[in-house]
>>> print(open('model-v8.pdb').read())   # PDB, C-alpha atoms and all ligand atoms
ATOM      1  CA  MET A  13      77.048 100.654 110.233
ATOM      2  CA  VAL A  14      75.090  97.924 111.984
ATOM      3  CA  ASP A  15      76.169  97.257 115.537
ATOM      4  CA  TRP A  16      75.445  94.335 117.822
ATOM      5  CA  LEU A  17      72.397  96.031 119.347
ATOM      6  CA  ASP A  18      70.850  96.469 115.895
ATOM      7  CA  LEU A  19      71.679  92.874 115.129
ATOM      8  CA  ALA A  20      70.085  91.671 118.363
ATOM      9  CA  CYS A  21      66.892  93.651 117.533
ATOM     10  CA  TYR A  22      66.918  92.346 114.004
ATOM     11  CA  GLN A  23      67.332  88.828 115.272
ATOM     12  CA  SER A  24      64.541  89.043 117.846
ATOM     13  CA  LEU A  25      62.143  90.723 115.400
ATOM     14  CA  HIS A  26      62.804  88.535 112.417
ATOM     15  CA  PHE A  27      64.239  85.367 113.909
ATOM     16  CA  ALA A  28      67.106  85.752 111.473
ATOM     17  CA  THR A  29      69.064  82.684 110.633
ATOM     18  CA  ARG A  30      72.765  82.581 111.416
ATOM     19  CA  GLN A  31      73.461  82.959 107.685
ATOM     20  CA  GLU A  32      71.351  86.121 107.516
ATOM     21  CA  VAL A  33      73.190  87.621 110.453
ATOM     22  CA  MET A  34      76.559  86.796 108.889
ATOM     23  CA  LEU A  35      75.404  88.416 105.640
ATOM     24  CA  ILE A  36      74.411  91.621 107.427
ATOM     25  CA  MET A  37      77.758  91.653 109.208
ATOM     26  CA  THR A  38      79.521  91.457 105.849
ATOM     27  CA  TRP A  39      77.421  94.223 104.295
ATOM     28  CA  SER A  40      78.029  96.471 107.261
ATOM     29  CA  GLY A  41      81.782  95.921 107.301
ATOM     30  CA  ALA A  42      81.470  94.114 110.604
ATOM     31  CA  ARG A  43      84.441  92.960 112.617
ATOM     32  CA  MET A  44      86.097  89.670 111.790
ATOM     33  CA  THR A  45      89.003  87.861 113.359
ATOM     34  CA  GLY A  46      91.819  86.375 111.328
ATOM     35  CA  ASN A  47      90.492  82.859 111.859
ATOM     36  CA  GLU A  48      87.008  83.924 110.791
ATOM     37  CA  LEU A  49      88.407  85.378 107.567
ATOM     38  CA  VAL A  50      90.261  82.158 106.797
ATOM     39  CA  SER A  51      87.265  79.957 107.519
ATOM     40  CA  ARG A  52      84.794  82.154 105.666
ATOM     41  CA  TYR A  53      86.852  82.012 102.456
ATOM     42  CA  PRO A  54      88.214  78.453 102.239
ATOM     43  CA  TYR A  55      88.510  78.521  98.442
ATOM     44  CA  GLU A  56      90.427  81.812  98.340
ATOM     45  CA  TRP A  57      92.649  80.692 101.197
ATOM     46  CA  ARG A  58      93.420  77.344  99.571
ATOM     47  CA  SER A  59      94.255  79.097  96.296
ATOM     48  CA  ALA A  60      96.722  81.334  98.142
ATOM     49  CA  THR A  61      98.439  78.531 100.041
ATOM     50  CA  GLY A  62      98.269  75.522  97.740
ATOM     51  CA  HIS A  63      99.595  75.609  94.202
ATOM     52  CA  PRO A  64     101.332  73.259  91.729
ATOM     53  CA  PHE A  65     104.491  75.315  92.404
ATOM     54  CA  LEU A  66     104.364  74.215  96.042
ATOM     55  CA  GLU A  67     103.533  70.622  95.132
ATOM     56  CA  ALA A  68     106.634  70.601  92.938
ATOM     57  CA  ILE A  69     108.732  71.982  95.811
ATOM     58  CA  ARG A  70     107.494  69.086  97.883
ATOM     59  CA  ASP A  71     108.309  66.351  95.373
ATOM     60  CA  GLY A  72     111.400  67.961  93.851
ATOM     61  CA  SER A  73     109.962  68.256  90.340
ATOM     62  CA  LEU A  74     110.039  72.052  90.177
ATOM     63  CA  PRO A  75     111.903  73.356  87.104
ATOM     64  CA  GLY A  76     114.996  75.289  88.205
ATOM     65  CA  ALA A  77     113.918  78.283  86.125
ATOM     66  CA  ALA A  78     110.642  78.596  88.053
ATOM     67  CA  PHE A  79     112.448  78.539  91.396
ATOM     68  CA  ARG A  80     114.966  81.144  90.241
ATOM     69  CA  VAL A  81     112.212  83.513  89.071
ATOM     70  CA  TRP A  82     110.360  83.033  92.342
ATOM     71  CA  LEU A  83     113.520  83.807  94.346
ATOM     72  CA  GLN A  84     114.376  86.911  92.321
ATOM     73  CA  GLN A  85     110.844  88.300  92.493
ATOM     74  CA  ASP A  86     110.440  87.404  96.159
ATOM     75  CA  TYR A  87     113.589  89.354  96.954
ATOM     76  CA  VAL A  88     112.040  92.394  95.271
ATOM     77  CA  PHE A  89     108.772  91.695  97.105
ATOM     78  CA  VAL A  90     110.495  91.571 100.503
ATOM     79  CA  ALA A  91     112.254  94.891  99.797
ATOM     80  CA  ASP A  92     108.824  96.382  98.950
ATOM     81  CA  LEU A  93     107.282  94.788 102.046
ATOM     82  CA  LEU A  94     109.938  96.400 104.225
ATOM     83  CA  ARG A  95     108.994  99.857 102.939
ATOM     84  CA  PHE A  96     105.287  99.155 103.353
ATOM     85  CA  GLN A  97     105.828  97.890 106.888
ATOM     86  CA  ALA A  98     107.918 100.945 107.811
ATOM     87  CA  THR A  99     104.987 103.177 106.823
ATOM     88  CA  LEU A 100     102.505 100.980 108.640
ATOM     89  CA  LEU A 101     104.672 101.113 111.773
ATOM     90  CA  SER A 102     104.410 104.899 111.685
ATOM     91  CA  ILE A 103     100.633 104.691 112.233
ATOM     92  CA  ALA A 104     100.587 101.577 114.448
ATOM     93  CA  PRO A 105      98.808 101.822 117.792
ATOM     94  CA  ARG A 106     101.092 101.455 120.811
ATOM     95  CA  GLY A 107     100.232  97.739 121.126
ATOM     96  CA  GLY A 108     101.350  97.048 117.563
ATOM     97  CA  GLN A 109     104.722  98.775 117.640
ATOM     98  CA  ASP A 110     106.708  95.929 119.188
ATOM     99  CA  ALA A 111     105.693  93.260 116.660
ATOM    100  CA  LEU A 112     106.002  95.589 113.671
ATOM    101  CA  ALA A 113     109.372  97.008 114.690
ATOM    102  CA  ALA A 114     110.786  93.509 115.331
ATOM    103  CA  GLY A 115     109.295  92.388 112.025
ATOM    104  CA  LEU A 116     111.026  95.253 110.234
ATOM    105  CA  ALA A 117     114.435  94.230 111.588
ATOM    106  CA  ALA A 118     113.704  90.622 110.570
ATOM    107  CA  LEU A 119     112.808  91.765 107.049
ATOM    108  CA  GLU A 120     116.109  93.584 106.717
ATOM    109  CA  SER A 121     118.062  90.468 107.722
ATOM    110  CA  GLU A 122     115.872  88.382 105.432
ATOM    111  CA  LEU A 123     117.117  90.497 102.522
ATOM    112  CA  GLY A 124     120.662  89.476 103.526
ATOM    113  CA  TRP A 125     119.562  85.833 103.640
ATOM    114  CA  PHE A 126     118.128  86.125 100.102
ATOM    115  CA  GLU A 127     121.402  87.687  98.957
ATOM    116  CA  GLN A 128     123.349  84.700 100.335
ATOM    117  CA  GLN A 129     121.008  82.237  98.637
ATOM    118  CA  ALA A 130     121.348  84.082  95.350
ATOM    119  CA  GLU A 131     125.130  84.127  95.657
ATOM    120  CA  HIS A 132     125.227  80.330  96.113
ATOM    121  CA  MET A 133     123.074  79.979  93.030
ATOM    122  CA  GLN A 134     125.035  82.660  91.127
ATOM    123  CA  LEU A 135     121.774  84.423  90.517
ATOM    124  CA  PRO A 136     121.553  88.175  89.855
ATOM    125  CA  LEU A 137     119.032  89.976  92.067
ATOM    126  CA  GLY A 138     118.724  93.287  90.270
ATOM    127  CA  VAL A 139     115.798  92.168  88.144
ATOM    128  CA  LYS A 140     112.862  94.210  86.925
ATOM    129  CA  ARG A 141     109.655  93.890  88.932
ATOM    130  CA  HIS A 142     107.230  91.496  87.292
ATOM    131  CA  ARG A 143     103.722  92.869  86.688
ATOM    132  CA  VAL A 144     102.410  90.745  89.585
ATOM    133  CA  THR A 145     105.125  91.932  91.986
ATOM    134  CA  GLU A 146     104.308  95.501  90.986
ATOM    135  CA  ALA A 147     100.579  94.937  91.519
ATOM    136  CA  TYR A 148     101.325  93.513  94.998
ATOM    137  CA  ARG A 149     103.531  96.531  95.814
ATOM    138  CA  GLN A 150     100.842  98.992  94.717
ATOM    139  CA  ARG A 151      98.153  97.209  96.672
ATOM    140  CA  LEU A 152     100.211  97.129  99.865
ATOM    141  CA  LEU A 153     101.005 100.829  99.540
ATOM    142  CA  SER A 154      97.301 101.592  99.150
ATOM    143  CA  TYR A 155      96.789 100.067 102.620
ATOM    144  CA  ALA A 156      99.837 101.602 104.312
ATOM    145  CA  ASN A 157      98.030 104.576 105.836
ATOM    146  CA  ASP A 158      95.089 102.678 107.262
ATOM    147  CA  TRP A 159      95.820 100.503 110.273
ATOM    148  CA  THR A 160      93.007  97.953 109.885
ATOM    149  CA  SER A 161      93.575  97.251 106.214
ATOM    150  CA  GLY A 162      97.356  97.504 106.544
ATOM    151  CA  ILE A 163      97.662  95.038 109.418
ATOM    152  CA  THR A 164      95.189  92.671 107.735
ATOM    153  CA  ALA A 165      97.188  92.750 104.490
ATOM    154  CA  LEU A 166     100.491  92.200 106.297
ATOM    155  CA  TRP A 167      99.177  89.311 108.373
ATOM    156  CA  THR A 168      97.432  87.657 105.390
ATOM    157  CA  GLY A 169     100.673  87.470 103.397
ATOM    158  CA  GLU A 170     102.693  86.231 106.362
ATOM    159  CA  ARG A 171     100.177  83.601 107.398
ATOM    160  CA  ALA A 172      99.877  82.514 103.767
ATOM    161  CA  TYR A 173     103.641  81.899 103.683
ATOM    162  CA  LEU A 174     103.566  80.058 107.004
ATOM    163  CA  GLU A 175     100.847  77.726 105.704
ATOM    164  CA  SER A 176     102.244  77.385 102.182
ATOM    165  CA  TRP A 177     105.663  76.283 103.373
ATOM    166  CA  SER A 178     104.352  74.227 106.303
ATOM    167  CA  GLY A 179     102.217  72.371 103.772
ATOM    168  CA  VAL A 180     105.222  71.199 101.741
ATOM    169  CA  ALA A 181     107.313  69.935 104.665
ATOM    170  CA  PRO A 182     109.337  67.795 104.429
ATOM    171  CA  SER A 183     110.175  69.031 100.969
ATOM    172  CA  ALA A 184     112.684  67.736  98.458
ATOM    173  CA  PRO A 185     116.164  68.234 100.036
ATOM    174  CA  ALA A 186     117.085  71.166  97.755
ATOM    175  CA  TYR A 187     114.414  73.303  99.423
ATOM    176  CA  HIS A 188     114.869  72.346 103.078
ATOM    177  CA  GLU A 189     116.382  75.672 104.022
ATOM    178  CA  PHE A 190     113.419  77.539 102.543
ATOM    179  CA  VAL A 191     110.884  75.358 104.309
ATOM    180  CA  GLU A 192     112.757  75.834 107.556
ATOM    181  CA  HIS A 193     112.882  79.607 107.050
ATOM    182  CA  TRP A 194     109.096  79.989 106.906
ATOM    183  CA  THR A 195     108.139  77.315 109.424
ATOM    184  CA  GLN A 196     110.473  78.001 112.356
ATOM    185  CA  PRO A 197     108.870  78.689 115.756
ATOM    186  CA  ASP A 198     109.889  82.382 115.816
ATOM    187  CA  PHE A 199     108.121  82.986 112.525
ATOM    188  CA  ARG A 200     105.041  81.101 113.721
ATOM    189  CA  GLU A 201     105.013  83.269 116.841
ATOM    190  CA  TYR A 202     105.370  86.447 114.756
ATOM    191  CA  VAL A 203     102.379  85.449 112.626
ATOM    192  CA  ARG A 204     100.396  84.767 115.799
ATOM    193  CA  GLU A 205     101.250  88.234 117.146
ATOM    194  CA  LEU A 206     100.153  89.849 113.893
ATOM    195  CA  GLU A 207      96.922  87.872 114.070
ATOM    196  CA  THR A 208      96.212  89.209 117.558
ATOM    197  CA  LEU A 209      96.565  92.719 116.109
ATOM    198  CA  VAL A 210      94.184  91.863 113.253
ATOM    199  CA  ASP A 211      91.652  90.507 115.736
ATOM    200  CA  ALA A 212      91.854  93.689 117.817
ATOM    201  CA  SER A 213      91.588  95.913 114.737
ATOM    202  CA  GLY A 214      88.423  94.226 113.485
ATOM    203  CA  GLY A 215      90.001  92.941 110.253
ATOM    204  CA  ASP A 216      89.434  94.043 106.684
ATOM    205  CA  GLU A 217      87.767  91.526 104.428
ATOM    206  CA  GLU A 218      88.680  93.348 101.246
ATOM    207  CA  ALA A 219      92.373  93.503 102.117
ATOM    208  CA  PHE A 220      92.321  89.818 103.078
ATOM    209  CA  LEU A 221      90.768  88.784  99.768
ATOM    210  CA  ALA A 222      93.036  91.047  97.703
ATOM    211  CA  VAL A 223      96.165  89.609  99.318
ATOM    212  CA  CYS A 224      94.896  86.025  98.900
ATOM    213  CA  LYS A 225      94.545  86.690  95.175
ATOM    214  CA  LEU A 226      97.975  88.314  94.943
ATOM    215  CA  GLU A 227      99.560  85.345  96.728
ATOM    216  CA  GLN A 228      97.944  83.007  94.235
ATOM    217  CA  ASP A 229      99.111  85.209  91.324
ATOM    218  CA  PHE A 230     102.642  85.231  92.712
ATOM    219  CA  TRP A 231     102.903  81.400  92.649
ATOM    220  CA  GLU A 232     101.309  81.411  89.222
ATOM    221  CA  MET A 233     103.816  83.951  87.920
ATOM    222  CA  ALA A 234     106.814  81.825  89.008
ATOM    223  CA  TRP A 235     105.213  78.571  87.864
ATOM    224  CA  ASN A 236     104.393  79.932  84.405
ATOM    225  CA  SER A 237     107.809  81.517  83.966
ATOM    226  CA  ALA A 238     109.315  78.067  83.355
ATOM    227  CA  ARG A 239     107.077  77.707  80.306
ATOM    228  CA  ASP A 240     107.559  81.203  78.860
TER     229      ASP A 240
HETATM  230  C1  LIG A 301     105.875  86.518 101.926
HETATM  231  C2  LIG A 301     106.860  86.482 100.934
HETATM  232  C3  LIG A 301     106.219  86.423 103.379
HETATM  233  N1  LIG A 301     108.175  86.376 101.241
HETATM  234  N2  LIG A 301     106.498  86.541  99.625
HETATM  235  C4  LIG A 301     105.205  86.640  99.302
HETATM  236  C5  LIG A 301     104.830  86.730  97.865
HETATM  237  N3  LIG A 301     104.252  86.673 100.226
HETATM  238  C6  LIG A 301     104.563  86.596 101.528
HETATM  239  O1  LIG A 301     106.956  87.527 103.809
HETATM  240  P1  LIG A 301     108.294  87.299 104.672
HETATM  241  O2  LIG A 301     108.713  88.644 105.087
HETATM  242  O3  LIG A 301     109.285  86.654 103.736
HETATM  243  O4  LIG A 301     107.950  86.399 105.803
END
>>> encode(input="model-v8.pdb", output="structure tokens")
Amino acid sequence: MVDWLDLACYQSLHFATRQEVMLIMTWSGARMTGNELVSRYPYEWRSATGHPFLEAIRDGSLPGAAFRVWLQQDYVFVADLLRFQATLLSIAPRGGQDALAAGLAALESELGWFEQQAEHMQLPLGVKRHRVTEAYRQRLLSYANDWTSGITALWTGERAYLESWSGVAPSAPAYHEFVEHWTQPDFREYVRELETLVDASGGDEEAFLAVCKLEQDFWEMAWNSARD
């Protein structure tokens, strides 16, 4: 583990460039804030938060089948997220308990909101987990007993949804309620609170990148389902 003193010595001895220092920080698992993670991996972040599925939500061209698959799988995802978050809450430091406990209650009511949406659409929710939803579940569970990776994974998925849905506003009218759900001020504030916890924890690059990829795969899964 390289700490800041080592880095300072390295820098004064070798006149390391900023890039070299950043590289050493990465190798040594150095601390990174949420914003640093997002700006260090612009391609991965864009892939997680921008997708033809979202473009089609914006312009109203999304095939109904793709939206239905997304909604069914996202319901399963949220139920899995609730369980993951309950475990993460059990190891949260004192300063993280408030946000995580409030988030848990919000997740439970979100399941009710999904159930209402599905009822309007006459859509069954008891579907089998898609391979991607299962991979996401497994990955989250692998982080559930480690605070830094767990909070990074949780925040990455939530911020990805905030940015994905903010990016399509104002969407085609059929999706207004969904855009509103993931762009309202309370949700924005929740994501900000999670980010503060990531910053304090030091962040986990690997968890960030894994969740970015899973977010991308999730859009891809729903998008491709219309062509299956
Ligand atoms: C979220 C979600 C956001 N609903 N689905 C995926 C695939 N990623 C992130 O979680 P929440 O609890 O709906 O804000």
>>> closest_residue(input="model-v8.pdb", among="A:Gly115, A:Glu232, A:Glu48, A:Leu100", to="A:Phe79", atoms="all atoms listed in the file")
A:Glu232
>>> residues_near_point(input="model-v8.pdb", point="(112.5, 85.8, 116.7)", cutoff="9 Å", atoms="all atoms listed in the file", output="PDB file with C-alpha atoms, in the coordinates of the input")
ATOM      1  CA  ALA A 114     110.786  93.509 115.331  1.00  0.00           C
ATOM      2  CA  GLY A 115     109.295  92.388 112.025  1.00  0.00           C
ATOM      3  CA  ALA A 118     113.704  90.622 110.570  1.00  0.00           C
ATOM      4  CA  PRO A 197     108.870  78.689 115.756  1.00  0.00           C
ATOM      5  CA  ASP A 198     109.889  82.382 115.816  1.00  0.00           C
ATOM      6  CA  PHE A 199     108.121  82.986 112.525  1.00  0.00           C
ATOM      7  CA  GLU A 201     105.013  83.269 116.841  1.00  0.00           C
ATOM      8  CA  TYR A 202     105.370  86.447 114.756  1.00  0.00           C
TER       9      TYR A 202
END
>>> residues_around(input="model-v8.pdb", residues="A:Leu153", least_positions_apart="4", cutoff="12 Å", atoms="all atoms listed in the file", output="PyMOL selection string")
chain A and resi 92-100+146-149+157-159+161-163+165-166+219
>>> resolve_selection(input="model-v8.pdb", expression="the PyMOL selection byres (((chain A and resi 44) around 6) and not hetatm)", output="VMD selection string")
chain A and resid 43 45 48 214 to 215
>>> closest_residue(input="model-v8.pdb", among="A:Val90, A:Ala186, A:Leu123, A:Leu101", to="A:Gly169", atoms="only C-alpha atoms")
A:Val90
>>> closest_residue(input="model-v8.pdb", among="A:Glu122, A:Glu192, A:Asp211, A:Glu205", to="ligand LIG 301 (chain A)", atoms="only C-alpha atoms and all ligand atoms")
A:Glu122
>>> residues_near_ligand(input="model-v8.pdb", ligand="ligand LIG 301 (chain A)", cutoff="6 Å", atoms="only C-alpha atoms and all ligand atoms", output="number ranges by chain")
A: 86, 90, 119, 169-170, 173, 227, 230
>>> write_last_selection(input="model-v8.pdb", atoms="C-alpha atoms", output="compact mmCIF listing (two decimals), in the frame of the given file")
# COMPACT_ATOMS: atom_id res chain seq x y z
CA ASP A 86 110.44 87.40 96.16
CA VAL A 90 110.50 91.57 100.50
CA LEU A 119 112.81 91.76 107.05
CA GLY A 169 100.67 87.47 103.40
CA GLU A 170 102.69 86.23 106.36
CA TYR A 173 103.64 81.90 103.68
CA GLU A 227 99.56 85.34 96.73
CA PHE A 230 102.64 85.23 92.71
>>> closest_residue(input="model-v8.pdb", among="A:Tyr187, A:Gln128, A:Pro64, A:Thr168", to="A:Val210", atoms="only C-alpha atoms")
A:Thr168
>>> closest_residue(input="model-v8.pdb", among="A:Pro136, A:Gly72, A:Gly124, A:Pro105", to="A:Pro185", atoms="only C-alpha atoms")
A:Gly72
>>> atom_distance(input="model-v8.pdb", atom1="atom CA of A:Phe89", atom2="atom CA of A:Lys140")
11.3 Å
>>> build_atoms(input="model-v8.pdb", residues="stretch 176-211 of chain A", atoms="N, CA and C atoms", output="PDB file, keeping the file's coordinate frame")
ATOM      1  N   SER A 176     101.751  77.927 103.454  1.00  0.00           N
ATOM      2  CA  SER A 176     102.244  77.385 102.182  1.00  0.00           C
ATOM      3  C   SER A 176     103.464  76.507 102.408  1.00  0.00           C
ATOM      4  N   TRP A 177     104.406  77.021 103.184  1.00  0.00           N
ATOM      5  CA  TRP A 177     105.663  76.283 103.373  1.00  0.00           C
ATOM      6  C   TRP A 177     105.502  75.161 104.385  1.00  0.00           C
ATOM      7  N   SER A 178     104.617  75.335 105.374  1.00  0.00           N
ATOM      8  CA  SER A 178     104.352  74.227 106.303  1.00  0.00           C
ATOM      9  C   SER A 178     103.739  73.058 105.539  1.00  0.00           C
ATOM     10  N   GLY A 179     102.925  73.400 104.543  1.00  0.00           N
ATOM     11  CA  GLY A 179     102.217  72.371 103.772  1.00  0.00           C
ATOM     12  C   GLY A 179     103.125  71.528 102.900  1.00  0.00           C
ATOM     13  N   VAL A 180     104.336  71.990 102.611  1.00  0.00           N
ATOM     14  CA  VAL A 180     105.222  71.199 101.741  1.00  0.00           C
ATOM     15  C   VAL A 180     106.281  70.424 102.532  1.00  0.00           C
ATOM     16  N   ALA A 181     106.302  70.615 103.845  1.00  0.00           N
ATOM     17  CA  ALA A 181     107.313  69.935 104.665  1.00  0.00           C
ATOM     18  C   ALA A 181     106.972  68.453 104.825  1.00  0.00           C
ATOM     19  N   PRO A 182     107.936  67.551 104.781  1.00  0.00           N
ATOM     20  CA  PRO A 182     109.337  67.795 104.429  1.00  0.00           C
ATOM     21  C   PRO A 182     109.454  67.848 102.908  1.00  0.00           C
ATOM     22  N   SER A 183     110.107  68.854 102.425  1.00  0.00           N
ATOM     23  CA  SER A 183     110.175  69.031 100.969  1.00  0.00           C
ATOM     24  C   SER A 183     111.302  68.182 100.390  1.00  0.00           C
ATOM     25  N   ALA A 184     111.484  68.310  99.076  1.00  0.00           N
ATOM     26  CA  ALA A 184     112.684  67.736  98.458  1.00  0.00           C
ATOM     27  C   ALA A 184     113.894  68.427  99.109  1.00  0.00           C
ATOM     28  N   PRO A 185     115.007  67.706  99.274  1.00  0.00           N
ATOM     29  CA  PRO A 185     116.164  68.234 100.036  1.00  0.00           C
ATOM     30  C   PRO A 185     116.634  69.611  99.559  1.00  0.00           C
ATOM     31  N   ALA A 186     116.573  69.886  98.286  1.00  0.00           N
ATOM     32  CA  ALA A 186     117.085  71.166  97.755  1.00  0.00           C
ATOM     33  C   ALA A 186     116.390  72.372  98.398  1.00  0.00           C
ATOM     34  N   TYR A 187     115.193  72.163  98.923  1.00  0.00           N
ATOM     35  CA  TYR A 187     114.414  73.303  99.423  1.00  0.00           C
ATOM     36  C   TYR A 187     114.287  73.328 100.950  1.00  0.00           C
ATOM     37  N   HIS A 188     115.018  72.429 101.617  1.00  0.00           N
ATOM     38  CA  HIS A 188     114.869  72.346 103.078  1.00  0.00           C
ATOM     39  C   HIS A 188     115.065  73.679 103.778  1.00  0.00           C
ATOM     40  N   GLU A 189     116.082  74.418 103.341  1.00  0.00           N
ATOM     41  CA  GLU A 189     116.382  75.672 104.022  1.00  0.00           C
ATOM     42  C   GLU A 189     115.222  76.673 103.902  1.00  0.00           C
ATOM     43  N   PHE A 190     114.538  76.617 102.771  1.00  0.00           N
ATOM     44  CA  PHE A 190     113.419  77.539 102.543  1.00  0.00           C
ATOM     45  C   PHE A 190     112.231  77.139 103.409  1.00  0.00           C
ATOM     46  N   VAL A 191     111.987  75.841 103.462  1.00  0.00           N
ATOM     47  CA  VAL A 191     110.884  75.358 104.309  1.00  0.00           C
ATOM     48  C   VAL A 191     111.156  75.738 105.757  1.00  0.00           C
ATOM     49  N   GLU A 192     112.400  75.521 106.174  1.00  0.00           N
ATOM     50  CA  GLU A 192     112.757  75.834 107.556  1.00  0.00           C
ATOM     51  C   GLU A 192     112.569  77.329 107.842  1.00  0.00           C
ATOM     52  N   HIS A 193     112.958  78.156 106.871  1.00  0.00           N
ATOM     53  CA  HIS A 193     112.882  79.607 107.050  1.00  0.00           C
ATOM     54  C   HIS A 193     111.463  80.072 107.394  1.00  0.00           C
ATOM     55  N   TRP A 194     110.470  79.509 106.694  1.00  0.00           N
ATOM     56  CA  TRP A 194     109.096  79.989 106.906  1.00  0.00           C
ATOM     57  C   TRP A 194     108.250  79.070 107.789  1.00  0.00           C
ATOM     58  N   THR A 195     108.925  78.155 108.505  1.00  0.00           N
ATOM     59  CA  THR A 195     108.139  77.315 109.424  1.00  0.00           C
ATOM     60  C   THR A 195     108.728  77.326 110.836  1.00  0.00           C
ATOM     61  N   GLN A 196     109.830  78.050 111.037  1.00  0.00           N
ATOM     62  CA  GLN A 196     110.473  78.001 112.356  1.00  0.00           C
ATOM     63  C   GLN A 196     109.584  78.665 113.425  1.00  0.00           C
ATOM     64  N   PRO A 197     109.762  78.231 114.674  1.00  0.00           N
ATOM     65  CA  PRO A 197     108.870  78.689 115.756  1.00  0.00           C
ATOM     66  C   PRO A 197     108.793  80.214 115.883  1.00  0.00           C
ATOM     67  N   ASP A 198     109.923  80.915 115.684  1.00  0.00           N
ATOM     68  CA  ASP A 198     109.889  82.382 115.816  1.00  0.00           C
ATOM     69  C   ASP A 198     108.956  83.009 114.787  1.00  0.00           C
ATOM     70  N   PHE A 199     108.981  82.445 113.585  1.00  0.00           N
ATOM     71  CA  PHE A 199     108.121  82.986 112.525  1.00  0.00           C
ATOM     72  C   PHE A 199     106.653  82.700 112.839  1.00  0.00           C
ATOM     73  N   ARG A 200     106.409  81.480 113.317  1.00  0.00           N
ATOM     74  CA  ARG A 200     105.041  81.101 113.721  1.00  0.00           C
ATOM     75  C   ARG A 200     104.525  82.069 114.794  1.00  0.00           C
ATOM     76  N   GLU A 201     105.387  82.382 115.743  1.00  0.00           N
ATOM     77  CA  GLU A 201     105.013  83.269 116.841  1.00  0.00           C
ATOM     78  C   GLU A 201     104.737  84.693 116.309  1.00  0.00           C
ATOM     79  N   TYR A 202     105.564  85.124 115.365  1.00  0.00           N
ATOM     80  CA  TYR A 202     105.370  86.447 114.756  1.00  0.00           C
ATOM     81  C   TYR A 202     104.000  86.512 114.061  1.00  0.00           C
ATOM     82  N   VAL A 203     103.670  85.469 113.333  1.00  0.00           N
ATOM     83  CA  VAL A 203     102.379  85.449 112.626  1.00  0.00           C
ATOM     84  C   VAL A 203     101.233  85.476 113.644  1.00  0.00           C
ATOM     85  N   ARG A 204     101.425  84.783 114.748  1.00  0.00           N
ATOM     86  CA  ARG A 204     100.396  84.767 115.799  1.00  0.00           C
ATOM     87  C   ARG A 204     100.214  86.171 116.399  1.00  0.00           C
ATOM     88  N   GLU A 205     101.337  86.859 116.606  1.00  0.00           N
ATOM     89  CA  GLU A 205     101.250  88.234 117.146  1.00  0.00           C
ATOM     90  C   GLU A 205     100.526  89.157 116.176  1.00  0.00           C
ATOM     91  N   LEU A 206     100.846  89.010 114.890  1.00  0.00           N
ATOM     92  CA  LEU A 206     100.153  89.849 113.893  1.00  0.00           C
ATOM     93  C   LEU A 206      98.661  89.541 113.906  1.00  0.00           C
ATOM     94  N   GLU A 207      98.333  88.262 114.071  1.00  0.00           N
ATOM     95  CA  GLU A 207      96.922  87.872 114.070  1.00  0.00           C
ATOM     96  C   GLU A 207      96.174  88.489 115.257  1.00  0.00           C
ATOM     97  N   THR A 208      96.834  88.570 116.396  1.00  0.00           N
ATOM     98  CA  THR A 208      96.212  89.209 117.558  1.00  0.00           C
ATOM     99  C   THR A 208      95.886  90.674 117.227  1.00  0.00           C
ATOM    100  N   LEU A 209      96.794  91.313 116.486  1.00  0.00           N
ATOM    101  CA  LEU A 209      96.565  92.719 116.109  1.00  0.00           C
ATOM    102  C   LEU A 209      95.410  92.834 115.112  1.00  0.00           C
ATOM    103  N   VAL A 210      95.316  91.867 114.198  1.00  0.00           N
ATOM    104  CA  VAL A 210      94.184  91.863 113.253  1.00  0.00           C
ATOM    105  C   VAL A 210      92.882  91.709 114.031  1.00  0.00           C
ATOM    106  N   ASP A 211      92.868  90.758 114.954  1.00  0.00           N
ATOM    107  CA  ASP A 211      91.652  90.507 115.736  1.00  0.00           C
ATOM    108  C   ASP A 211      91.216  91.775 116.476  1.00  0.00           C
TER     109      ASP A 211
END
